[in-house]
Every structure is written in structure tokens, then in C-alpha cells.
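Below you'll find the structure, written out as C-alpha cells, and then a few comments.
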Amino acid sequence: MPWKEETTMSQKLHFIKSYSEESISFTQLCMNFKISRKTGYNILKRYEEHGCQGLQPQSRSPHHSPEKTSPRMEKKIIEVRVKHPTWGPRKIKTALANKNVNDLPSISTISAILKRCGYISLEESSKRKKLIRFEREFSNDLWQMDFKGKFQLQTKEACYPLTILDDYSRFSLDIRSCANERHDTVFQHLIRVFKEYGLPNQFNVDNGNPWGNSQLVQHTKLTVWLMRLGIKVTHSRPKHPQTNGKIERFHRTLKKDVISRNKITSFIHAQKLFDKWREIYNHERPHEALGMLVPAKRYQPSTIAMPKKLAPIEYGEGAILHKVRGNGYINYRNNEYLVGRGFDGLFVQIKPAEASNLIKIYFGNNKIQTYHTD
């Protein structure tokens, strides 16, 4: 059965991509696409000689155009796009330039090639808008951490990718294939990351487990541990995921490049895919927000090493201290105040506000809660 005219270009490109990626025989590949071997060889030959232009009906192809991008160059552009489907014209041009490819066409020409070959739709182009971005001024001043939404493995088990991103450089510090979102799981992975890259000044996380559980009690055992390491912990505004915007964008790219494109069979398989993609993301993929640098060119490991043991939290002389009970409460002037079970057995400081009926509760230099007194 011949291909329908309105989908000819997309199916030809799919055929070429399958030919380069799949290990089945050429005969079986042609059978899968319902074309003859002669037609298949003709498509490959025209693409090899003329790029995407050669896949158009012959009557539409110009005989000669001195300013036209060469088929060889066009093929290089398409090869990068096929390998990295989420990369746009700027990234493709930068990646080719980094490989010392000369006489590259303009970004607009690359865009036109991608559109003509069916790799960029008008709808997708209309979504692209320049954004105002805010970032820290140096590496490790702020890290963002979150779980990317779970997906199902071929084993029917749920996989929860844990991701950590440096705000300044967009460097991916870790992508970890996890079976759950529990404290112990994150704790072990953070120890490994801290030993490799050092400690950040601040962590921003959302309000879900294991680093938060409600607006009333934000901190958990995990975030208390981070604060004891001297790391400031902040939470995204409830129902405002854009507060952690960079890692949300990172998750969308991870989903498009890895999760949606592969049938992931196990946690080990997922981790191998994550490791391979993370290497590309950090060292090969140009980032527009970084002036087309790759994150690894901008990131520097922290100078703050992971301590061998936690130092005690120190308070100034005369500080009003109260020990948090197992239920997460303290008693101050015959009133019960909820601090959180994550602080069980630790001391917090009470700071009454002058000329008001407010008290502020601190853990070290971190303000935990503010309460109205009776």
C-alpha cells in the first residue's frame, strides 16, 4: 500500500531514522513501512545525495541554487536533530561549531531546514517566547531538588527520578532512579552528591515529602539534617511550581529526551539512560540561558566539604531555648507551640517580638515558625 501524500515526508524521515537505529534486516524494515526494497534504496540514495530536499517530489526540487545549503551540511544538521530531538537551531549550530564544522548556515536557515523536513511545526514555533530569567551569581549558591513525576517501568513498578540542579550553571548534579520518595532514599543519595561536589549554601525544595508535608509544618527530618550541615532550606510557594522553575524545565527536557523515547525495563536500565543523558546535558548540550555554553563550562565544585560529623547548633548567651518533644511541640509560658517532629530532641530558640504579641522560633539561624501569643 503506497504512502498517503500528506504524510509522505514524515514517513520517509521516520524510515531513514529507523534504518540508522534498528538492527532488523532491510527487507523487514521495508515490509514494516509497506514499501518495496527498490523504493527503500531510492529514498536512502536521494537523502544521501540531496538531504531533505531530495525527499520532496522531483518536480519541486530546483535544479540549481548557488545560495542553497549543501546536502552534506543539511544532513549534518538533521543528524544532530535526530540524535537530540529537543534541540533547536541555536543548539544545533553551536554543537556543530564546537565540533569544528565550518561554513555553517545562519540560525534562520537551520530553522527553515528543520521546518521543511518536518522537525519543527508552526505550532511549536509559536510557543517559543523569550523569558526573563533570574539566577544566582555563582555556583553552589543555590541548588534546586525535586522528584520528577513517577513513571511506570516495564516491570509495572513505579520509578521516581530524583534530580538536583545548580541554579547558576544549570549543571545537573544528579539524576537518580528511585523506587520511592522516602527520607532514607534521598538521604543516601545526598551524601554521595555532597562527597563528590561539596555543599551548597542553600537548597530550594517543594512542599511535598520528604522535605515538607504541610504549610503548617514545613520542615522534616531531612531538611533539619540539611540545616545542621549549615545549608539554608527554602520551600517553593504552595501551588506555584515556577518558584522551582529551572528544575521544572529540566524535568520537561528529561521527559522528552529520555522517558518518553524509551521503553525502560528496570531501575538499572533507567539509571544507565539517566547517566548517559546527564553526561550529554552537562558537557555537550548548549544552553541558551548560558549564552550557548554547556553547564560544565560554568560549574565549579563547592569549596565547602561534607563534614565527617554534624556540629552542634550554637546559640548566643541569654538565648531562650526549649527542647522539642517527640510530638513536635514545645511549651512556652504554658502554651503549646508546634515546631515539627523533625526537630525531636533538639533545642530551638524563642525570640519574642518587641511591642507585639508575636514570637519567632529559630533553629540556629533558620527561622522555623512565627506564632501569635494570647
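Letters for chains follow the order of the C-alpha cells (A, B, ...), residue numbers begin at 1 for each chain, and ligand numbers begin at 1 in the order shown.
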Give me, as a Markdown table, the closest atom pair and its distance (Å, one decimal) for every residue of stretch 178-229 of chain A within a cut-off of 12 Å of stretch 307-317 of chain A, counting only C-alpha atoms, rows sorted by chain and rising number.
| residue | atom | partner | partner_atom | distance |
| --- | --- | --- | --- | --- |
| A:Ile191 | CA | A:Pro307 | CA | 10.3 |
| A:Phe194 | CA | A:Pro307 | CA | 9.5 |
| A:Lys195 | CA | A:Pro307 | CA | 9.1 |
| A:Gly198 | CA | A:Pro307 | CA | 9.5 |
| A:Leu199 | CA | A:Pro307 | CA | 9.5 |
| A:Val224 | CA | A:Ile313 | CA | 11.2 |
| A:Trp225 | CA | A:Leu310 | CA | 8.6 |
| A:Leu226 | CA | A:Leu310 | CA | 10.0 |
| A:Met227 | CA | A:Ile313 | CA | 9.4 |
| A:Arg228 | CA | A:Leu310 | CA | 6.6 |
| A:Leu229 | CA | A:Leu310 | CA | 6.5 |
Using only C-alpha atoms, find each residue of stretch 208-321 of chain A with at least one atom at most 10 Å away from an atom of stretch 87-108 of chain A; report its shortest atom-to-atom pair and that distance in Å (one decimal), sort the rows by chain and rising residue number, and return the result as CSV.
residue,atom,partner,partner_atom,distance
A:Thr253,CA,A:Trp87,CA,9.7
A:Asp257,CA,A:Trp87,CA,9.7
A:Glu284,CA,A:Ala95,CA,7.1
A:Arg285,CA,A:Lys91,CA,7.0
A:Pro286,CA,A:Lys91,CA,5.3
A:His287,CA,A:Lys91,CA,7.2
A:Glu288,CA,A:Lys91,CA,7.5
A:Met292,CA,A:Thr94,CA,6.9
A:Leu293,CA,A:Thr94,CA,8.7
A:Val294,CA,A:Ala95,CA,9.7
Deliver the residues from the most recent selection as a file, using C-alpha atoms, as an mmCIF file, in the first residue's frame.
data_model
loop_
_atom_site.group_PDB
_atom_site.id
_atom_site.type_symbol
_atom_site.label_atom_id
_atom_site.label_comp_id
_atom_site.auth_asym_id
_atom_site.auth_seq_id
_atom_site.Cartn_x
_atom_site.Cartn_y
_atom_site.Cartn_z
ATOM 1 C CA THR A 253 13.513 18.103 28.850
ATOM 2 C CA ASP A 257 14.682 13.183 25.691
ATOM 3 C CA GLU A 284 27.537 18.658 25.089
ATOM 4 C CA ARG A 285 24.138 20.350 25.084
ATOM 5 C CA PRO A 286 24.473 24.152 24.584
ATOM 6 C CA HIS A 287 22.236 26.110 26.952
ATOM 7 C CA GLU A 288 20.615 29.303 25.659
ATOM 8 C CA MET A 292 25.139 28.750 24.468
ATOM 9 C CA LEU A 293 27.771 27.433 26.878
ATOM 10 C CA VAL A 294 27.389 23.928 28.244
#
Self-check item: Within 6 Å of A:Tyr197 using only C-alpha atoms, minus same-chain residues under 3 positions, as a list in words
Solution: Val193, Phe194, Pro301 and Ser302 of chain A
Exercise. Considering only C-alpha atoms, state which residue in the set A:Arg116, A:Lys232, A:His84, A:Lys221 is at the smallest distance from A:Tyr281.
Key: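 Residue with the minimum atom-to-atom distance to A:Tyr281: A:His84.
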Exercise. Can you work out which one of A:Tyr41, A:Leu114, A:Met31, A:Lys367 has the shortest atom-to-atom distance to A:Val348, counting only C-alpha atoms?
Key: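 Nearest to A:Val348: A:Lys367.
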Write out as a PDB file with N, CA and C atoms, in the first residue's frame all residues of stretch 61-197 of chain A that backbone DSSP assigns to alpha helix (DSSP H).
ATOM      1  N   PRO A  71      23.623  19.610   0.450  1.00  0.00           N
ATOM      2  CA  PRO A  71      23.009  18.403   1.028  1.00  0.00           C
ATOM      3  C   PRO A  71      23.840  17.816   2.169  1.00  0.00           C
ATOM      4  N   ARG A  72      25.151  17.909   2.042  1.00  0.00           N
ATOM      5  CA  ARG A  72      26.025  17.366   3.076  1.00  0.00           C
ATOM      6  C   ARG A  72      25.845  18.116   4.397  1.00  0.00           C
ATOM      7  N   MET A  73      25.760  19.465   4.317  1.00  0.00           N
ATOM      8  CA  MET A  73      25.560  20.264   5.514  1.00  0.00           C
ATOM      9  C   MET A  73      24.172  20.025   6.095  1.00  0.00           C
ATOM     10  N   GLU A  74      23.189  19.955   5.201  1.00  0.00           N
ATOM     11  CA  GLU A  74      21.822  19.721   5.641  1.00  0.00           C
ATOM     12  C   GLU A  74      21.724  18.392   6.380  1.00  0.00           C
ATOM     13  N   LYS A  75      22.429  17.412   5.873  1.00  0.00           N
ATOM     14  CA  LYS A  75      22.424  16.102   6.507  1.00  0.00           C
ATOM     15  C   LYS A  75      23.032  16.163   7.905  1.00  0.00           C
ATOM     16  N   LYS A  76      24.122  16.923   8.074  1.00  0.00           N
ATOM     17  CA  LYS A  76      24.743  17.075   9.393  1.00  0.00           C
ATOM     18  C   LYS A  76      23.763  17.694  10.386  1.00  0.00           C
ATOM     19  N   ILE A  77      23.014  18.707   9.896  1.00  0.00           N
ATOM     20  CA  ILE A  77      22.038  19.384  10.757  1.00  0.00           C
ATOM     21  C   ILE A  77      20.949  18.413  11.199  1.00  0.00           C
ATOM     22  N   ILE A  78      20.428  17.648  10.244  1.00  0.00           N
ATOM     23  CA  ILE A  78      19.365  16.697  10.555  1.00  0.00           C
ATOM     24  C   ILE A  78      19.870  15.589  11.480  1.00  0.00           C
ATOM     25  N   GLU A  79      21.116  15.169  11.289  1.00  0.00           N
ATOM     26  CA  GLU A  79      21.677  14.117  12.140  1.00  0.00           C
ATOM     27  C   GLU A  79      21.722  14.557  13.607  1.00  0.00           C
ATOM     28  N   VAL A  80      22.089  15.824  13.845  1.00  0.00           N
ATOM     29  CA  VAL A  80      22.104  16.334  15.218  1.00  0.00           C
ATOM     30  C   VAL A  80      20.688  16.378  15.779  1.00  0.00           C
ATOM     31  N   ARG A  81      19.737  16.825  14.946  1.00  0.00           N
ATOM     32  CA  ARG A  81      18.347  16.915  15.397  1.00  0.00           C
ATOM     33  C   ARG A  81      17.768  15.536  15.708  1.00  0.00           C
ATOM     34  N   VAL A  82      18.084  14.549  14.881  1.00  0.00           N
ATOM     35  CA  VAL A  82      17.586  13.188  15.112  1.00  0.00           C
ATOM     36  C   VAL A  82      18.163  12.626  16.408  1.00  0.00           C
ATOM     37  N   LYS A  83      19.432  12.898  16.653  1.00  0.00           N
ATOM     38  CA  LYS A  83      20.075  12.410  17.868  1.00  0.00           C
ATOM     39  C   LYS A  83      19.559  13.134  19.101  1.00  0.00           C
ATOM     40  N   PRO A  89      17.483  25.281  16.605  1.00  0.00           N
ATOM     41  CA  PRO A  89      18.523  25.746  15.681  1.00  0.00           C
ATOM     42  C   PRO A  89      19.775  26.287  16.370  1.00  0.00           C
ATOM     43  N   ARG A  90      19.615  27.053  17.449  1.00  0.00           N
ATOM     44  CA  ARG A  90      20.780  27.628  18.128  1.00  0.00           C
ATOM     45  C   ARG A  90      21.674  26.537  18.716  1.00  0.00           C
ATOM     46  N   LYS A  91      21.056  25.576  19.393  1.00  0.00           N
ATOM     47  CA  LYS A  91      21.840  24.496  19.985  1.00  0.00           C
ATOM     48  C   LYS A  91      22.540  23.675  18.903  1.00  0.00           C
ATOM     49  N   ILE A  92      21.817  23.394  17.820  1.00  0.00           N
ATOM     50  CA  ILE A  92      22.397  22.599  16.739  1.00  0.00           C
ATOM     51  C   ILE A  92      23.597  23.313  16.127  1.00  0.00           C
ATOM     52  N   LYS A  93      23.455  24.600  15.863  1.00  0.00           N
ATOM     53  CA  LYS A  93      24.573  25.349  15.265  1.00  0.00           C
ATOM     54  C   LYS A  93      25.768  25.385  16.212  1.00  0.00           C
ATOM     55  N   THR A  94      25.517  25.630  17.494  1.00  0.00           N
ATOM     56  CA  THR A  94      26.605  25.679  18.470  1.00  0.00           C
ATOM     57  C   THR A  94      27.293  24.326  18.601  1.00  0.00           C
ATOM     58  N   ALA A  95      26.499  23.250  18.630  1.00  0.00           N
ATOM     59  CA  ALA A  95      27.068  21.907  18.757  1.00  0.00           C
ATOM     60  C   ALA A  95      27.960  21.576  17.562  1.00  0.00           C
ATOM     61  N   LEU A  96      27.521  21.943  16.352  1.00  0.00           N
ATOM     62  CA  LEU A  96      28.330  21.684  15.157  1.00  0.00           C
ATOM     63  C   LEU A  96      29.590  22.546  15.155  1.00  0.00           C
ATOM     64  N   ALA A  97      29.458  23.802  15.600  1.00  0.00           N
ATOM     65  CA  ALA A  97      30.626  24.683  15.678  1.00  0.00           C
ATOM     66  C   ALA A  97      31.641  24.138  16.681  1.00  0.00           C
ATOM     67  N   ASN A  98      31.142  23.580  17.791  1.00  0.00           N
ATOM     68  CA  ASN A  98      32.034  23.003  18.800  1.00  0.00           C
ATOM     69  C   ASN A  98      32.793  21.794  18.266  1.00  0.00           C
ATOM     70  N   ILE A 107      21.212  30.752  11.733  1.00  0.00           N
ATOM     71  CA  ILE A 107      20.207  30.104  12.584  1.00  0.00           C
ATOM     72  C   ILE A 107      18.859  30.055  11.873  1.00  0.00           C
ATOM     73  N   SER A 108      18.516  31.131  11.159  1.00  0.00           N
ATOM     74  CA  SER A 108      17.240  31.156  10.443  1.00  0.00           C
ATOM     75  C   SER A 108      17.211  30.102   9.336  1.00  0.00           C
ATOM     76  N   THR A 109      18.357  29.889   8.677  1.00  0.00           N
ATOM     77  CA  THR A 109      18.419  28.858   7.636  1.00  0.00           C
ATOM     78  C   THR A 109      18.286  27.461   8.239  1.00  0.00           C
ATOM     79  N   ILE A 110      18.952  27.236   9.366  1.00  0.00           N
ATOM     80  CA  ILE A 110      18.813  25.942  10.045  1.00  0.00           C
ATOM     81  C   ILE A 110      17.364  25.720  10.455  1.00  0.00           C
ATOM     82  N   SER A 111      16.734  26.779  10.961  1.00  0.00           N
ATOM     83  CA  SER A 111      15.321  26.683  11.343  1.00  0.00           C
ATOM     84  C   SER A 111      14.456  26.322  10.140  1.00  0.00           C
ATOM     85  N   ALA A 112      14.750  26.947   9.001  1.00  0.00           N
ATOM     86  CA  ALA A 112      13.975  26.669   7.782  1.00  0.00           C
ATOM     87  C   ALA A 112      14.166  25.222   7.332  1.00  0.00           C
ATOM     88  N   ILE A 113      15.388  24.715   7.459  1.00  0.00           N
ATOM     89  CA  ILE A 113      15.666  23.324   7.096  1.00  0.00           C
ATOM     90  C   ILE A 113      14.871  22.375   7.992  1.00  0.00           C
ATOM     91  N   LEU A 114      14.876  22.656   9.290  1.00  0.00           N
ATOM     92  CA  LEU A 114      14.146  21.807  10.233  1.00  0.00           C
ATOM     93  C   LEU A 114      12.645  21.841   9.976  1.00  0.00           C
ATOM     94  N   LYS A 115      12.127  23.019   9.654  1.00  0.00           N
ATOM     95  CA  LYS A 115      10.691  23.140   9.358  1.00  0.00           C
ATOM     96  C   LYS A 115      10.344  22.391   8.073  1.00  0.00           C
ATOM     97  N   ARG A 116      11.178  22.577   7.045  1.00  0.00           N
ATOM     98  CA  ARG A 116      10.913  21.941   5.760  1.00  0.00           C
ATOM     99  C   ARG A 116      10.964  20.421   5.867  1.00  0.00           C
ATOM    100  N   LEU A 122       4.818  24.812  12.990  1.00  0.00           N
ATOM    101  CA  LEU A 122       4.477  26.217  13.223  1.00  0.00           C
ATOM    102  C   LEU A 122       3.899  26.403  14.611  1.00  0.00           C
ATOM    103  N   GLU A 123       3.135  25.407  15.072  1.00  0.00           N
ATOM    104  CA  GLU A 123       2.545  25.482  16.408  1.00  0.00           C
ATOM    105  C   GLU A 123       3.621  25.512  17.476  1.00  0.00           C
ATOM    106  N   GLU A 124       4.654  24.659  17.299  1.00  0.00           N
ATOM    107  CA  GLU A 124       5.740  24.616  18.262  1.00  0.00           C
ATOM    108  C   GLU A 124       6.537  25.915  18.235  1.00  0.00           C
ATOM    109  N   SER A 125       6.737  26.480  17.044  1.00  0.00           N
ATOM    110  CA  SER A 125       7.486  27.735  16.929  1.00  0.00           C
ATOM    111  C   SER A 125       6.779  28.873  17.641  1.00  0.00           C
ATOM    112  N   SER A 126       5.447  28.877  17.585  1.00  0.00           N
ATOM    113  CA  SER A 126       4.686  29.960  18.190  1.00  0.00           C
ATOM    114  C   SER A 126       4.753  29.941  19.714  1.00  0.00           C
ATOM    115  N   LYS A 127       5.131  28.773  20.288  1.00  0.00           N
ATOM    116  CA  LYS A 127       5.211  28.663  21.743  1.00  0.00           C
ATOM    117  C   LYS A 127       6.491  29.268  22.282  1.00  0.00           C
ATOM    118  N   HIS A 183      12.601   9.489  52.965  1.00  0.00           N
ATOM    119  CA  HIS A 183      13.735  10.189  53.559  1.00  0.00           C
ATOM    120  C   HIS A 183      15.042   9.429  53.385  1.00  0.00           C
ATOM    121  N   ASP A 184      15.049   8.138  53.742  1.00  0.00           N
ATOM    122  CA  ASP A 184      16.295   7.360  53.710  1.00  0.00           C
ATOM    123  C   ASP A 184      16.875   7.288  52.297  1.00  0.00           C
ATOM    124  N   THR A 185      16.004   7.202  51.293  1.00  0.00           N
ATOM    125  CA  THR A 185      16.468   7.132  49.901  1.00  0.00           C
ATOM    126  C   THR A 185      17.197   8.414  49.513  1.00  0.00           C
ATOM    127  N   VAL A 186      16.562   9.557  49.774  1.00  0.00           N
ATOM    128  CA  VAL A 186      17.159  10.851  49.428  1.00  0.00           C
ATOM    129  C   VAL A 186      18.418  11.085  50.257  1.00  0.00           C
ATOM    130  N   PHE A 187      18.372  10.721  51.532  1.00  0.00           N
ATOM    131  CA  PHE A 187      19.500  10.918  52.440  1.00  0.00           C
ATOM    132  C   PHE A 187      20.764  10.258  51.901  1.00  0.00           C
ATOM    133  N   GLN A 188      20.660   9.006  51.467  1.00  0.00           N
ATOM    134  CA  GLN A 188      21.829   8.286  50.970  1.00  0.00           C
ATOM    135  C   GLN A 188      22.371   8.893  49.683  1.00  0.00           C
ATOM    136  N   HIS A 189      21.488   9.319  48.806  1.00  0.00           N
ATOM    137  CA  HIS A 189      21.944   9.915  47.545  1.00  0.00           C
ATOM    138  C   HIS A 189      22.585  11.281  47.781  1.00  0.00           C
ATOM    139  N   LEU A 190      22.048  12.040  48.737  1.00  0.00           N
ATOM    140  CA  LEU A 190      22.626  13.351  49.033  1.00  0.00           C
ATOM    141  C   LEU A 190      24.027  13.218  49.611  1.00  0.00           C
ATOM    142  N   ILE A 191      24.242  12.235  50.447  1.00  0.00           N
ATOM    143  CA  ILE A 191      25.581  12.022  50.998  1.00  0.00           C
ATOM    144  C   ILE A 191      26.585  11.805  49.864  1.00  0.00           C
ATOM    145  N   ARG A 192      26.207  10.991  48.886  1.00  0.00           N
ATOM    146  CA  ARG A 192      27.101  10.722  47.748  1.00  0.00           C
ATOM    147  C   ARG A 192      27.362  11.987  46.945  1.00  0.00           C
ATOM    148  N   VAL A 193      26.318  12.785  46.687  1.00  0.00           N
ATOM    149  CA  VAL A 193      26.464  14.027  45.918  1.00  0.00           C
ATOM    150  C   VAL A 193      27.326  15.031  46.679  1.00  0.00           C
ATOM    151  N   PHE A 194      27.103  15.146  47.987  1.00  0.00           N
ATOM    152  CA  PHE A 194      27.882  16.083  48.799  1.00  0.00           C
ATOM    153  C   PHE A 194      29.363  15.694  48.823  1.00  0.00           C
ATOM    154  N   LYS A 195      29.642  14.406  48.870  1.00  0.00           N
ATOM    155  CA  LYS A 195      31.037  13.967  48.876  1.00  0.00           C
ATOM    156  C   LYS A 195      31.727  14.270  47.550  1.00  0.00           C
ATOM    157  N   GLU A 196      30.955  14.249  46.470  1.00  0.00           N
ATOM    158  CA  GLU A 196      31.541  14.492  45.147  1.00  0.00           C
ATOM    159  C   GLU A 196      31.663  15.975  44.827  1.00  0.00           C
ATOM    160  N   TYR A 197      30.632  16.766  45.178  1.00  0.00           N
ATOM    161  CA  TYR A 197      30.604  18.175  44.755  1.00  0.00           C
ATOM    162  C   TYR A 197      30.712  19.178  45.897  1.00  0.00           C
TER     163      TYR A 197
END
Quiz prompt | Two-atom distance - atom CA of A:Lys323, atom CA of A:Phe363 (Å) | solution =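 Taking atom CA of A:Lys323 as the start and atom CA of A:Phe363 as the end point, the length is 10.8 Å.
With atom CA of A:Ile361 on one side and atom CA of A:Trp211 on the other, the separation reads 18.9 Å.
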Practice problem: Would you list, as a PyMOL selection string, the residues of stretch 200-368 of chain A that end up in strand (DSSP E or B) under DSSP run on this structure's backbone? | Solution: chain A and resi 202-205+232-235+287+293+320-323+329-332+335-338+347-352+358-363+366-368
Can those selected residues be exported to a file as a PDB file, in the first residue's frame so that it contains C-alpha atoms?
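Result saved to selection-v2.pdb:
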ATOM      1  CA  GLN A 202      21.001  26.920  50.009  1.00  0.00           C
ATOM      2  CA  PHE A 203      18.540  24.257  48.880  1.00  0.00           C
ATOM      3  CA  ASN A 204      15.141  25.090  47.425  1.00  0.00           C
ATOM      4  CA  VAL A 205      12.571  22.283  47.517  1.00  0.00           C
ATOM      5  CA  LYS A 232      19.688  27.158  54.292  1.00  0.00           C
ATOM      6  CA  VAL A 233      16.467  25.404  53.268  1.00  0.00           C
ATOM      7  CA  THR A 234      13.653  27.224  51.479  1.00  0.00           C
ATOM      8  CA  HIS A 235      10.374  25.913  50.084  1.00  0.00           C
ATOM      9  CA  HIS A 287      22.236  26.110  26.952  1.00  0.00           C
ATOM     10  CA  LEU A 293      27.771  27.433  26.878  1.00  0.00           C
ATOM     11  CA  ILE A 320      15.608  31.378  75.360  1.00  0.00           C
ATOM     12  CA  LEU A 321      15.923  27.693  74.473  1.00  0.00           C
ATOM     13  CA  HIS A 322      13.344  24.921  74.517  1.00  0.00           C
ATOM     14  CA  LYS A 323      13.765  21.237  73.684  1.00  0.00           C
ATOM     15  CA  TYR A 329       5.742  20.580  70.287  1.00  0.00           C
ATOM     16  CA  ILE A 330       7.403  22.886  72.797  1.00  0.00           C
ATOM     17  CA  ASN A 331       5.856  24.530  75.837  1.00  0.00           C
ATOM     18  CA  TYR A 332       6.430  28.259  76.303  1.00  0.00           C
ATOM     19  CA  ASN A 335       1.216  27.398  75.794  1.00  0.00           C
ATOM     20  CA  GLU A 336       1.918  24.608  73.300  1.00  0.00           C
ATOM     21  CA  TYR A 337       3.583  25.531  70.008  1.00  0.00           C
ATOM     22  CA  LEU A 338       4.090  23.139  67.102  1.00  0.00           C
ATOM     23  CA  PHE A 347      16.784  22.756  71.036  1.00  0.00           C
ATOM     24  CA  VAL A 348      15.110  25.720  69.344  1.00  0.00           C
ATOM     25  CA  GLN A 349      15.257  29.376  70.296  1.00  0.00           C
ATOM     26  CA  ILE A 350      12.291  31.584  71.194  1.00  0.00           C
ATOM     27  CA  LYS A 351      12.550  35.233  70.125  1.00  0.00           C
ATOM     28  CA  PRO A 352       9.647  37.346  71.408  1.00  0.00           C
ATOM     29  CA  LEU A 358       4.392  37.625  68.195  1.00  0.00           C
ATOM     30  CA  ILE A 359       7.065  35.040  68.937  1.00  0.00           C
ATOM     31  CA  LYS A 360       9.518  33.699  66.391  1.00  0.00           C
ATOM     32  CA  ILE A 361      11.054  30.246  66.673  1.00  0.00           C
ATOM     33  CA  TYR A 362      14.560  29.665  65.319  1.00  0.00           C
ATOM     34  CA  PHE A 363      16.712  26.612  64.762  1.00  0.00           C
ATOM     35  CA  ASN A 366      16.916  29.472  60.464  1.00  0.00           C
ATOM     36  CA  LYS A 367      13.507  30.889  61.312  1.00  0.00           C
ATOM     37  CA  ILE A 368      11.083  27.969  61.643  1.00  0.00           C
TER      38      ILE A 368
END
Practice problem: Could you check which of A:Arg176, A:His372, A:Arg37, A:Lys148 is closest to A:Lys255, using only C-alpha atoms? | Solution: A:Lys148
